[in-house]
Amino acid sequence: MISRTENPLPNLLDFTLEEMEEFISSLGKEKFRARQIMKWLYQSGSASFDDMTTLSCDFREKLSRIARISRPQIVKIQESKDTTMKALLRLEDGLFIESVLIPGKNSWTICLSTQAGCAMDCKFCLTARQGFKRNLKPSEITGQLITLKYEMPQCPEITNIVMMGMGEPLANYDNVVKAIKNLTSDFGMGFSNRKVTVSTCGLAPQIIRLGRDICINLAVSLNAPDDETRSNLMPVNKKYPLKVLLDACRQYPMPGRRMLTFEYILMDGINCSVRDAKKLVALLKGQRCKLNLIVLNEYPGSPFKSPSPKTVEAFQQILLDHHFTAILRKSKGRDILAACGQLSGSFGK
Ligand code: SAH
């Protein structure tokens with residue numbers, strides 16, 4: 001039986017380094033113990049206080065009475081023909097989420113979920129259909145990576161992190177920022193901030209806030225060249241229309257010389273005509289960015305259709321002719337519903 005009552009003991013995987021230091025100090029212990037514990041949790045994958053042999057037996061015993069270490073549990077792993085892997089994970093309260101491992105040339109990217117379900121209601125996305133369940137805690141965001149890394153025997157070496165799974169990361173702002181801190185800290189998973197990307201549907205105020213708080217890559221799901229089309233596809237556009245969104249994007253400082261990415265799903269008859277391409281060129285004039293074009297991934301019951309290769313090529317060519325970096329993203333893992341917008345946390349149940 002899965003207990004649905006919240007465990008009252010703090011989960012150490014929810015703490016940032018500063019919070020861990022505070023917690024350890026409150027127990028009358030030296031501050032550097034916090035760093036030792038972080039290393040056990042993130043760099044050794046310890047799921048039990050017994051592992052933490054740099055701490056005294058007494059202290060370990062005390063910790064096990066007043067705190068806990070809890071991370072998502074693997075329920076099932078599915079592998080696509082193209083070697084993309086999708087993991088179904090169970091959270092403490094019995095909810096399910098999905099994470100995806102995507103192969104690159106010399107890299108593996110993990111796509112993390114940040115919410116169970118999603119409240120944004122984008123019309124082309126399967127996750128939206130299940131509605132919003134709840135925000136994931138920091139331990140449930142970083143925990144997807146930690147669990148797969150330390151518990152999945154065939155887990156590849158993960159080189160990149162994208163927050164593009166289930167949910168809207170910037171609608172779960174505080175927990176997402178804490179998770180990023182632990183993923184990029186020297187005492188956490190140690191990823192470079194250049195290797196971490198957050199993808200948002202366009203919550204403009206949080207984009208500005210993120211740019212001030214933390215320095216990581218940002219991707220924005222644009223998907224339309226004008227407000228009318230975008231509002232029909234993505235209700236968030238009614239609150240933060242294109243002018244407000246693009247203004248927030250211009251204020252976002254990217255690490256090093258990297259550029260902000262706009263993601264653009266191509267949907268037949270909706271947003272990828274020659275006229276749409278020209279409107280997009282005009283909209284993004286002077287904006288420092290690159291474009292990722294994604295052919296719509298259809299799912300059972302999907303109201304939209306993917307365009308023909310000819311339509312896709314013509315759309316991309318217009319952007320290239322106007323000196324935009326426009327990359328056509330090959331969707332991976334479609335056969336196991338692991339591609340963008342296909343995550344449901346249900347494994348097709
Ligand atoms: N909420 C965030 C992250 C989750 S969606 C965001 O909106 O960016 C991750 C990406 O998948 C987004 O770029 C989104 O536009 C894309 N996506 C959603 N549904 C899709 C579908 N059916 N086909 C292709 N891409 C899709």
# chains A, B, ... in the order shown; residues from 1 in each chain; ligands from 1
$ residues_around --residues "A:Cys215" --least-positions-apart "5" --cutoff "10 Å" --atoms "only C-alpha atoms" --output "PDB file with all heavy atoms, in the first residue's frame"
ATOM      1  N   ILE A 180      17.964  23.402  -9.585  1.00  0.00           N
ATOM      2  CA  ILE A 180      19.076  23.788 -10.474  1.00  0.00           C
ATOM      3  C   ILE A 180      20.334  24.047  -9.645  1.00  0.00           C
ATOM      4  O   ILE A 180      21.442  23.664 -10.029  1.00  0.00           O
ATOM      5  CB  ILE A 180      18.721  25.034 -11.317  1.00  0.00           C
ATOM      6  CG1 ILE A 180      17.600  24.675 -12.300  1.00  0.00           C
ATOM      7  CG2 ILE A 180      19.938  25.555 -12.079  1.00  0.00           C
ATOM      8  CD1 ILE A 180      16.975  25.879 -12.994  1.00  0.00           C
ATOM      9  N   ASN A 193      26.594  25.284 -15.697  1.00  0.00           N
ATOM     10  CA  ASN A 193      25.309  25.932 -15.994  1.00  0.00           C
ATOM     11  C   ASN A 193      25.037  26.003 -17.493  1.00  0.00           C
ATOM     12  O   ASN A 193      23.910  26.192 -17.926  1.00  0.00           O
ATOM     13  CB  ASN A 193      25.188  27.307 -15.322  1.00  0.00           C
ATOM     14  CG  ASN A 193      26.300  28.238 -15.718  1.00  0.00           C
ATOM     15  OD1 ASN A 193      27.072  27.955 -16.641  1.00  0.00           O
ATOM     16  ND2 ASN A 193      26.407  29.360 -15.035  1.00  0.00           N
ATOM     17  N   ARG A 194      26.076  25.801 -18.298  1.00  0.00           N
ATOM     18  CA  ARG A 194      25.888  25.756 -19.757  1.00  0.00           C
ATOM     19  C   ARG A 194      25.221  24.471 -20.216  1.00  0.00           C
ATOM     20  O   ARG A 194      24.824  24.338 -21.367  1.00  0.00           O
ATOM     21  CB  ARG A 194      27.247  25.823 -20.457  1.00  0.00           C
ATOM     22  CG  ARG A 194      27.935  27.119 -20.269  1.00  0.00           C
ATOM     23  CD  ARG A 194      29.428  26.953 -20.547  1.00  0.00           C
ATOM     24  NE  ARG A 194      30.059  28.248 -20.530  1.00  0.00           N
ATOM     25  CZ  ARG A 194      30.232  28.995 -21.613  1.00  0.00           C
ATOM     26  NH1 ARG A 194      29.871  28.559 -22.793  1.00  0.00           N
ATOM     27  NH2 ARG A 194      30.789  30.187 -21.513  1.00  0.00           N
ATOM     28  N   VAL A 196      22.654  23.099 -18.641  1.00  0.00           N
ATOM     29  CA  VAL A 196      21.297  23.008 -18.090  1.00  0.00           C
ATOM     30  C   VAL A 196      20.390  24.003 -18.825  1.00  0.00           C
ATOM     31  O   VAL A 196      20.740  25.177 -18.965  1.00  0.00           O
ATOM     32  CB  VAL A 196      21.291  23.326 -16.576  1.00  0.00           C
ATOM     33  CG1 VAL A 196      19.886  23.197 -16.004  1.00  0.00           C
ATOM     34  CG2 VAL A 196      22.251  22.403 -15.830  1.00  0.00           C
ATOM     35  N   THR A 197      19.247  23.531 -19.290  1.00  0.00           N
ATOM     36  CA  THR A 197      18.296  24.380 -20.012  1.00  0.00           C
ATOM     37  C   THR A 197      16.908  24.273 -19.394  1.00  0.00           C
ATOM     38  O   THR A 197      16.438  23.171 -19.116  1.00  0.00           O
ATOM     39  CB  THR A 197      18.207  23.939 -21.500  1.00  0.00           C
ATOM     40  OG1 THR A 197      19.501  24.009 -22.080  1.00  0.00           O
ATOM     41  CG2 THR A 197      17.235  24.825 -22.286  1.00  0.00           C
ATOM     42  N   LEU A 210      14.268  34.823 -13.335  1.00  0.00           N
ATOM     43  CA  LEU A 210      15.256  33.745 -13.504  1.00  0.00           C
ATOM     44  C   LEU A 210      16.597  34.305 -13.982  1.00  0.00           C
ATOM     45  O   LEU A 210      17.659  33.888 -13.523  1.00  0.00           O
ATOM     46  CB  LEU A 210      14.729  32.706 -14.502  1.00  0.00           C
ATOM     47  CG  LEU A 210      15.553  31.423 -14.620  1.00  0.00           C
ATOM     48  CD1 LEU A 210      15.341  30.531 -13.395  1.00  0.00           C
ATOM     49  CD2 LEU A 210      15.187  30.633 -15.875  1.00  0.00           C
ATOM     50  N   TYR A 252      16.921  38.684 -20.802  1.00  0.00           N
ATOM     51  CA  TYR A 252      17.480  37.472 -20.183  1.00  0.00           C
ATOM     52  C   TYR A 252      18.959  37.307 -20.554  1.00  0.00           C
ATOM     53  O   TYR A 252      19.297  37.178 -21.729  1.00  0.00           O
ATOM     54  CB  TYR A 252      16.691  36.232 -20.625  1.00  0.00           C
ATOM     55  CG  TYR A 252      17.086  35.014 -19.827  1.00  0.00           C
ATOM     56  CD1 TYR A 252      16.508  34.762 -18.593  1.00  0.00           C
ATOM     57  CD2 TYR A 252      18.085  34.160 -20.271  1.00  0.00           C
ATOM     58  CE1 TYR A 252      16.898  33.683 -17.837  1.00  0.00           C
ATOM     59  CE2 TYR A 252      18.488  33.063 -19.522  1.00  0.00           C
ATOM     60  CZ  TYR A 252      17.874  32.837 -18.305  1.00  0.00           C
ATOM     61  OH  TYR A 252      18.269  31.774 -17.541  1.00  0.00           O
ATOM     62  N   PRO A 253      19.851  37.291 -19.563  1.00  0.00           N
ATOM     63  CA  PRO A 253      21.271  37.146 -19.879  1.00  0.00           C
ATOM     64  C   PRO A 253      21.632  35.675 -20.054  1.00  0.00           C
ATOM     65  O   PRO A 253      21.440  34.870 -19.151  1.00  0.00           O
ATOM     66  CB  PRO A 253      21.960  37.718 -18.626  1.00  0.00           C
ATOM     67  CG  PRO A 253      20.975  37.487 -17.518  1.00  0.00           C
ATOM     68  CD  PRO A 253      19.604  37.360 -18.119  1.00  0.00           C
ATOM     69  N   MET A 254      22.137  35.318 -21.213  1.00  0.00           N
ATOM     70  CA  MET A 254      22.527  33.925 -21.447  1.00  0.00           C
ATOM     71  C   MET A 254      23.971  33.713 -21.019  1.00  0.00           C
ATOM     72  O   MET A 254      24.781  34.616 -21.138  1.00  0.00           O
ATOM     73  CB  MET A 254      22.379  33.592 -22.932  1.00  0.00           C
ATOM     74  CG  MET A 254      20.942  33.523 -23.383  1.00  0.00           C
ATOM     75  SD  MET A 254      20.091  32.076 -22.732  1.00  0.00           S
ATOM     76  CE  MET A 254      20.944  30.789 -23.616  1.00  0.00           C
ATOM     77  N   PRO A 255      24.299  32.494 -20.523  1.00  0.00           N
ATOM     78  CA  PRO A 255      25.697  32.260 -20.120  1.00  0.00           C
ATOM     79  C   PRO A 255      26.627  32.337 -21.332  1.00  0.00           C
ATOM     80  O   PRO A 255      26.288  31.850 -22.406  1.00  0.00           O
ATOM     81  CB  PRO A 255      25.662  30.853 -19.532  1.00  0.00           C
ATOM     82  CG  PRO A 255      24.399  30.216 -19.997  1.00  0.00           C
ATOM     83  CD  PRO A 255      23.444  31.317 -20.328  1.00  0.00           C
ATOM     84  N   GLY A 256      27.780  32.950 -21.137  1.00  0.00           N
ATOM     85  CA  GLY A 256      28.800  33.031 -22.186  1.00  0.00           C
ATOM     86  C   GLY A 256      28.249  33.683 -23.430  1.00  0.00           C
ATOM     87  O   GLY A 256      27.545  34.685 -23.363  1.00  0.00           O
TER      88      GLY A 256
END
$ select_by_dssp --residues "stretch 125-307 of chain A" --states "helix (DSSP H, G or I)" --output "PyMOL selection string"
chain A and resi 126-129+138-151+169-184+193-195+204-213+227-233+236-239+242-250+274-283
$ residues_near_ligand --ligand "ligand 1" --cutoff "8 Å" --atoms "only C-alpha atoms and all ligand atoms" --output "PyMOL selection string"
chain A and resi 113+118+120+122+124-127+163-169+198-202+219-223+263-266+294-299+302+331+339-342
$ closest_residue --among "A:Asn160, A:Ser56, A:Ser25, A:Thr142" --to "A:Leu101" --atoms "only C-alpha atoms"
A:Asn160
$ select_by_dssp --residues "stretch 150-209 of chain A" --states "strand (DSSP E)" --output "compact mmCIF listing (two decimals) with C-alpha atoms, in the first residue's frame"
# COMPACT_ATOMS: atom_id res chain seq x y z
CA ASN A 160 23.03 17.60 -20.42
CA ILE A 161 19.88 18.46 -18.52
CA VAL A 162 16.73 19.96 -20.01
CA MET A 163 13.64 20.83 -18.02
CA VAL A 196 21.30 23.01 -18.09
CA THR A 197 18.30 24.38 -20.01
CA VAL A 198 14.91 25.45 -18.75
CA SER A 199 12.05 25.52 -21.26
CA THR A 200 9.05 27.76 -20.65
$ atom_distance --atom1 "atom CA of A:Thr325" --atom2 "atom CA of A:Ala282"
14.8 Å
$ atom_distance --atom1 "atom CA of A:Pro138" --atom2 "atom CA of A:Ala338"
22.7 Å
$ closest_residue --among "A:Gly190, A:Pro235, A:Pro205, A:Gly143" --to "A:Ile74" --atoms "only C-alpha atoms"
A:Gly143
$ closest_residue --among "A:Cys57, A:Met234, A:Ala224, A:Leu245" --to "A:Asp276" --atoms "only C-alpha atoms"
A:Ala224
$ residues_around --residues "A:Trp108" --least-positions-apart "2" --cutoff "8 Å" --atoms "only C-alpha atoms" --output "PDB file with N, CA and C atoms, in the first residue's frame"
ATOM      1  N   LEU A 101      15.557   9.907 -21.467  1.00  0.00           N
ATOM      2  CA  LEU A 101      16.995   9.968 -21.754  1.00  0.00           C
ATOM      3  C   LEU A 101      17.157   9.973 -23.270  1.00  0.00           C
ATOM      4  N   ILE A 102      17.772  11.038 -23.783  1.00  0.00           N
ATOM      5  CA  ILE A 102      17.829  11.241 -25.236  1.00  0.00           C
ATOM      6  C   ILE A 102      19.282  11.176 -25.719  1.00  0.00           C
ATOM      7  N   PRO A 103      19.561  10.275 -26.683  1.00  0.00           N
ATOM      8  CA  PRO A 103      20.948  10.171 -27.157  1.00  0.00           C
ATOM      9  C   PRO A 103      21.299  11.290 -28.125  1.00  0.00           C
ATOM     10  N   GLY A 104      22.530  11.792 -28.048  1.00  0.00           N
ATOM     11  CA  GLY A 104      23.068  12.734 -29.034  1.00  0.00           C
ATOM     12  C   GLY A 104      24.273  12.075 -29.670  1.00  0.00           C
ATOM     13  N   ASN A 106      27.626  12.589 -29.145  1.00  0.00           N
ATOM     14  CA  ASN A 106      28.542  12.151 -28.083  1.00  0.00           C
ATOM     15  C   ASN A 106      27.983  12.548 -26.731  1.00  0.00           C
ATOM     16  N   ILE A 110      19.167  14.337 -20.323  1.00  0.00           N
ATOM     17  CA  ILE A 110      18.013  13.890 -19.548  1.00  0.00           C
ATOM     18  C   ILE A 110      16.967  14.998 -19.574  1.00  0.00           C
ATOM     19  N   PRO A 156      23.055   5.566 -19.223  1.00  0.00           N
ATOM     20  CA  PRO A 156      24.260   6.126 -19.848  1.00  0.00           C
ATOM     21  C   PRO A 156      24.803   7.302 -19.034  1.00  0.00           C
ATOM     22  N   GLU A 157      25.997   7.730 -19.368  1.00  0.00           N
ATOM     23  CA  GLU A 157      26.587   8.925 -18.737  1.00  0.00           C
ATOM     24  C   GLU A 157      25.803  10.159 -19.204  1.00  0.00           C
ATOM     25  N   ILE A 158      25.185  10.860 -18.273  1.00  0.00           N
ATOM     26  CA  ILE A 158      24.338  11.993 -18.655  1.00  0.00           C
ATOM     27  C   ILE A 158      25.187  13.262 -18.724  1.00  0.00           C
ATOM     28  N   THR A 159      25.102  13.969 -19.872  1.00  0.00           N
ATOM     29  CA  THR A 159      25.944  15.151 -20.063  1.00  0.00           C
ATOM     30  C   THR A 159      25.156  16.462 -20.043  1.00  0.00           C
ATOM     31  N   ASN A 160      23.861  16.382 -20.337  1.00  0.00           N
ATOM     32  CA  ASN A 160      23.033  17.603 -20.418  1.00  0.00           C
ATOM     33  C   ASN A 160      21.705  17.396 -19.705  1.00  0.00           C
TER      34      ASN A 160
END
$ residues_around --residues "stretch 77-80 of chain A" --least-positions-apart "6" --cutoff "12 Å" --atoms "only C-alpha atoms" --output "ChimeraX atom specification"
/A:86-89,98-103,148,151-155,331-339,347-348
$ residues_around --residues "stretch 186-188 of chain A" --least-positions-apart "6" --cutoff "6 Å" --atoms "only C-alpha atoms" --output "number ranges by chain"
A: 38-39, 42
$ write_last_selection --atoms "all heavy atoms" --output "PDB file, in the first residue's frame"
ATOM      1  N   MET A  38      25.973  16.492   1.447  1.00  0.00           N
ATOM      2  CA  MET A  38      25.601  16.764   0.046  1.00  0.00           C
ATOM      3  C   MET A  38      26.373  15.828  -0.884  1.00  0.00           C
ATOM      4  O   MET A  38      25.812  15.276  -1.834  1.00  0.00           O
ATOM      5  CB  MET A  38      25.924  18.213  -0.336  1.00  0.00           C
ATOM      6  CG  MET A  38      25.178  19.285   0.405  1.00  0.00           C
ATOM      7  SD  MET A  38      23.428  19.457  -0.002  1.00  0.00           S
ATOM      8  CE  MET A  38      23.459  20.389  -1.526  1.00  0.00           C
ATOM      9  N   LYS A  39      27.652  15.672  -0.618  1.00  0.00           N
ATOM     10  CA  LYS A  39      28.465  14.801  -1.487  1.00  0.00           C
ATOM     11  C   LYS A  39      27.964  13.366  -1.463  1.00  0.00           C
ATOM     12  O   LYS A  39      27.910  12.698  -2.497  1.00  0.00           O
ATOM     13  CB  LYS A  39      29.936  14.850  -1.073  1.00  0.00           C
ATOM     14  CG  LYS A  39      30.642  16.099  -1.548  1.00  0.00           C
ATOM     15  CD  LYS A  39      32.134  15.942  -1.375  1.00  0.00           C
ATOM     16  CE  LYS A  39      32.882  17.026  -2.121  1.00  0.00           C
ATOM     17  NZ  LYS A  39      34.333  16.902  -1.940  1.00  0.00           N
ATOM     18  N   TYR A  42      24.573  13.337  -3.546  1.00  0.00           N
ATOM     19  CA  TYR A  42      24.582  13.618  -4.986  1.00  0.00           C
ATOM     20  C   TYR A  42      25.717  12.909  -5.719  1.00  0.00           C
ATOM     21  O   TYR A  42      25.579  12.546  -6.871  1.00  0.00           O
ATOM     22  CB  TYR A  42      24.669  15.133  -5.232  1.00  0.00           C
ATOM     23  CG  TYR A  42      23.424  15.838  -4.748  1.00  0.00           C
ATOM     24  CD1 TYR A  42      23.361  16.415  -3.487  1.00  0.00           C
ATOM     25  CD2 TYR A  42      22.284  15.888  -5.553  1.00  0.00           C
ATOM     26  CE1 TYR A  42      22.199  17.035  -3.038  1.00  0.00           C
ATOM     27  CE2 TYR A  42      21.119  16.506  -5.112  1.00  0.00           C
ATOM     28  CZ  TYR A  42      21.091  17.073  -3.846  1.00  0.00           C
ATOM     29  OH  TYR A  42      19.932  17.671  -3.405  1.00  0.00           O
TER      30      TYR A  42
END
$ atom_distance --atom1 "atom CA of A:Lys137" --atom2 "atom CA of A:Leu41"
16.0 Å
$ closest_residue --among "A:Thr261, A:Gln115, A:Gln287, A:Thr311" --to "A:Val274" --atoms "only C-alpha atoms"
A:Thr311
$ residues_around --residues "A:Leu95" --least-positions-apart "3" --cutoff "12 Å" --atoms "only C-alpha atoms" --output "ChimeraX atom specification"
/A:2-4,72-73,75,88-92,98,115-117,132-136,140,344-346
$ write_last_selection --atoms "C-alpha atoms" --output "compact mmCIF listing (two decimals), in the first residue's frame"
# COMPACT_ATOMS: atom_id res chain seq x y z
CA ILE A 2 1.22 3.46 -0.81
CA SER A 3 0.83 5.88 2.05
CA ARG A 4 -0.69 9.16 0.91
CA PRO A 72 11.42 8.80 -6.93
CA GLN A 73 11.23 5.05 -7.52
CA VAL A 75 8.51 1.64 -12.06
CA LEU A 88 8.12 5.94 -15.42
CA LEU A 89 8.78 6.98 -11.82
CA ARG A 90 6.56 6.85 -8.76
CA LEU A 91 6.55 9.65 -6.20
CA GLU A 92 6.04 9.21 -2.46
CA GLU A 98 8.12 10.52 -16.62
CA GLN A 115 5.28 19.23 -12.25
CA ALA A 116 2.89 16.28 -12.12
CA GLY A 117 0.54 17.25 -14.93
CA PHE A 132 -2.49 19.93 -13.11
CA LYS A 133 -1.83 17.64 -10.15
CA ARG A 134 0.92 19.33 -8.15
CA ASN A 135 4.34 20.94 -8.18
CA LEU A 136 7.33 18.65 -7.83
CA GLU A 140 11.58 15.01 -7.00
CA SER A 344 1.50 11.63 -19.70
CA GLY A 345 2.89 9.79 -16.70
CA SER A 346 0.65 6.89 -17.54
$ residues_around --residues "A:Phe324" --least-positions-apart "6" --cutoff "8 Å" --atoms "only C-alpha atoms" --output "PyMOL selection string"
chain A and resi 289-291
